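Q: This is the structure, below, for whatever I ask next.
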Amino acid sequence: MRLDSLYQDVIMDHYRRRSGHGLREPFTAESCQVNPTCGDEIRLRVAVDGQGRIADVSYEAAGCAISQASASVLHDAVCGLPQSEAMIIESAFHALMQSRGTDAGDPEVLGDAVAFAGVSRYPARVKCALLPWMALKDALHRSEGISR
Ligand code: ZN
């Protein structure tokens with residue numbers, strides 16, 4: 001495993017500053033996800049406003065650099081977006097992570113999340129990168145149930 005390709009600068013920057021870290025109120029729904037393979041854990045909250053827009057994503061995460069950097073990238077990518085647009089990014093990220101290094105990702109859609117393209121070559125790390133996005137998807141699903 002070549003660490004220089006795995007831990008790219010963008011990933012390490014996000015790991016160090018972790019945008020949006022910390023649990024905040026108010027929130028619409030919360031999701032807790034665990035990646036037992038690596039030991040990563042995340043508790044993620046979404047605040048969805050009356051227009052179906054993601055007003056905030058807050059989280060507490062423990063685990064490896066990949067999972068924590070992914071949560072930070074997620075925060076920057078989806079805050080302020082309509083839920084439908086956030087789910088387009090989620091789908092694109094999921095596809096990227098399952099590409100086993102064959103997809104470079106579309107920066108127009110993914111933003112900083114394209115930095116994880118190299119991670120898709122390491123199956124054990126894919127779950128780390130996807131964990132916050134699983135939490136987001138689950139939390140948005142729960143928030144729909146609440147608002148209806
Ligand atoms: Zn991990």
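Letters A, B, ... go to the chains of the structure tokens in the order shown; residues in each chain start at 1; ligands are counted from 1 in the same order.
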Residues at most 6 Å from ligand 1, using only C-alpha atoms and all ligand atoms? Could they come as JSON, numbers by chain?

A: {"A": [38, 40, 63, 64, 66, 67, 128]}

Q: Step one, run DSSP on the backbone; step two, keep only residues of chain A assigned to helix (DSSP H, G or I); then write them as a PyMOL selection string.

A: chain A and resi 3-6+9-17+65-78+83-97+107-121+123-147

Q: Extract the full set of strand (DSSP E) residues from chain A according to DSSP on the backbone, and format it as an MDAnalysis selection string.

A: chainID A and resid 29:35 40:48 54:62

Q: Keeping C-alpha atoms for every residue in the selection just given, could you write it to a file as an mmCIF file, in the first residue's frame?

A:
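Okay, result-v2.cif is ready:
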```cif
data_model
loop_
_atom_site.group_PDB
_atom_site.id
_atom_site.type_symbol
_atom_site.label_atom_id
_atom_site.label_comp_id
_atom_site.auth_asym_id
_atom_site.auth_seq_id
_atom_site.Cartn_x
_atom_site.Cartn_y
_atom_site.Cartn_z
ATOM 1 C CA ALA A 29 -32.529 13.487 12.522
ATOM 2 C CA GLU A 30 -29.459 11.601 13.628
ATOM 3 C CA SER A 31 -27.704 8.437 12.523
ATOM 4 C CA CYS A 32 -25.001 6.363 14.194
ATOM 5 C CA GLN A 33 -22.855 4.125 12.024
ATOM 6 C CA VAL A 34 -19.986 1.796 12.851
ATOM 7 C CA ASN A 35 -17.375 0.248 10.606
ATOM 8 C CA ASP A 40 -14.555 3.780 12.886
ATOM 9 C CA GLU A 41 -17.643 5.280 14.495
ATOM 10 C CA ILE A 42 -19.737 8.287 13.584
ATOM 11 C CA ARG A 43 -22.780 10.018 15.035
ATOM 12 C CA LEU A 44 -24.113 12.407 12.408
ATOM 13 C CA ARG A 45 -26.963 14.920 12.593
ATOM 14 C CA VAL A 46 -28.767 16.672 9.780
ATOM 15 C CA ALA A 47 -30.811 19.831 10.093
ATOM 16 C CA VAL A 48 -33.261 20.057 7.195
ATOM 17 C CA ILE A 54 -29.714 20.772 4.350
ATOM 18 C CA ALA A 55 -29.077 23.677 6.698
ATOM 19 C CA ASP A 56 -26.369 21.883 8.674
ATOM 20 C CA VAL A 57 -24.575 18.592 9.095
ATOM 21 C CA SER A 58 -22.847 18.073 12.426
ATOM 22 C CA TYR A 59 -21.020 15.013 13.654
ATOM 23 C CA GLU A 60 -18.773 13.365 16.154
ATOM 24 C CA ALA A 61 -16.430 10.804 14.680
ATOM 25 C CA ALA A 62 -13.739 8.511 15.996
#
```

Q: Can you work out the spacing between CA of Ala115 in chain A and CA of Trp133 in chain A in Å, to one decimal?

A: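 CA of Ala115 in chain A sits 15.1 Å away from CA of Trp133 in chain A.
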
Q: Fewer than 4 positions away in the same chain doesn't count, so skip those; otherwise give me all residues within 9 Å of Ala65 in chain A, counting only C-alpha atoms, as a VMD selection string.

A: chain A and resid 7 11 to 12 14 to 16 69 to 70 128

Q: Return as JSON lines the residues of range 11-120 of chain A lying at most 7 Å from range 124-127 of chain A, together with the closest atom-to-atom pair for each and the distance in Å to one decimal, counting only C-alpha atoms, with rows in chain order and ascending residue number.

A:
```
{"residue": "A:Asn35", "atom": "CA", "partner": "A:Lys127", "partner_atom": "CA", "distance": 6.8}
{"residue": "A:Met97", "atom": "CA", "partner": "A:Val126", "partner_atom": "CA", "distance": 6.0}
{"residue": "A:Val119", "atom": "CA", "partner": "A:Arg125", "partner_atom": "CA", "distance": 6.4}
{"residue": "A:Ser120", "atom": "CA", "partner": "A:Val126", "partner_atom": "CA", "distance": 5.7}
```

Q: Contacts of Ala95 in chain A at 12 Å or less, counting only C-alpha atoms, minus same-chain residues fewer than 6 places along, as a list in words?

A: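 Selected residues are Ile88, Ile89, Gly101, Thr102, Asp103, Ala104, Gly105, Asp106, Leu110, Ala113, Val114, Phe116, Ala117, Ser120, Val126 and Leu130 of chain A.
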
Q: Which residue gives the smallest distance to Ser72 in chain A among A:Arg100, A:Arg17, A:Arg121, A:His94, with only C-alpha atoms counted?

A: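 The shortest atom-to-atom distance to Ser72 in chain A comes from A:Arg17.
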
Q: So how far away is CA of Pro107 in chain A from CA of Gly22 in chain A, in Å?

A: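 Answer for the CA of Gly22 in chain A to CA of Pro107 in chain A separation: 26.9 Å.
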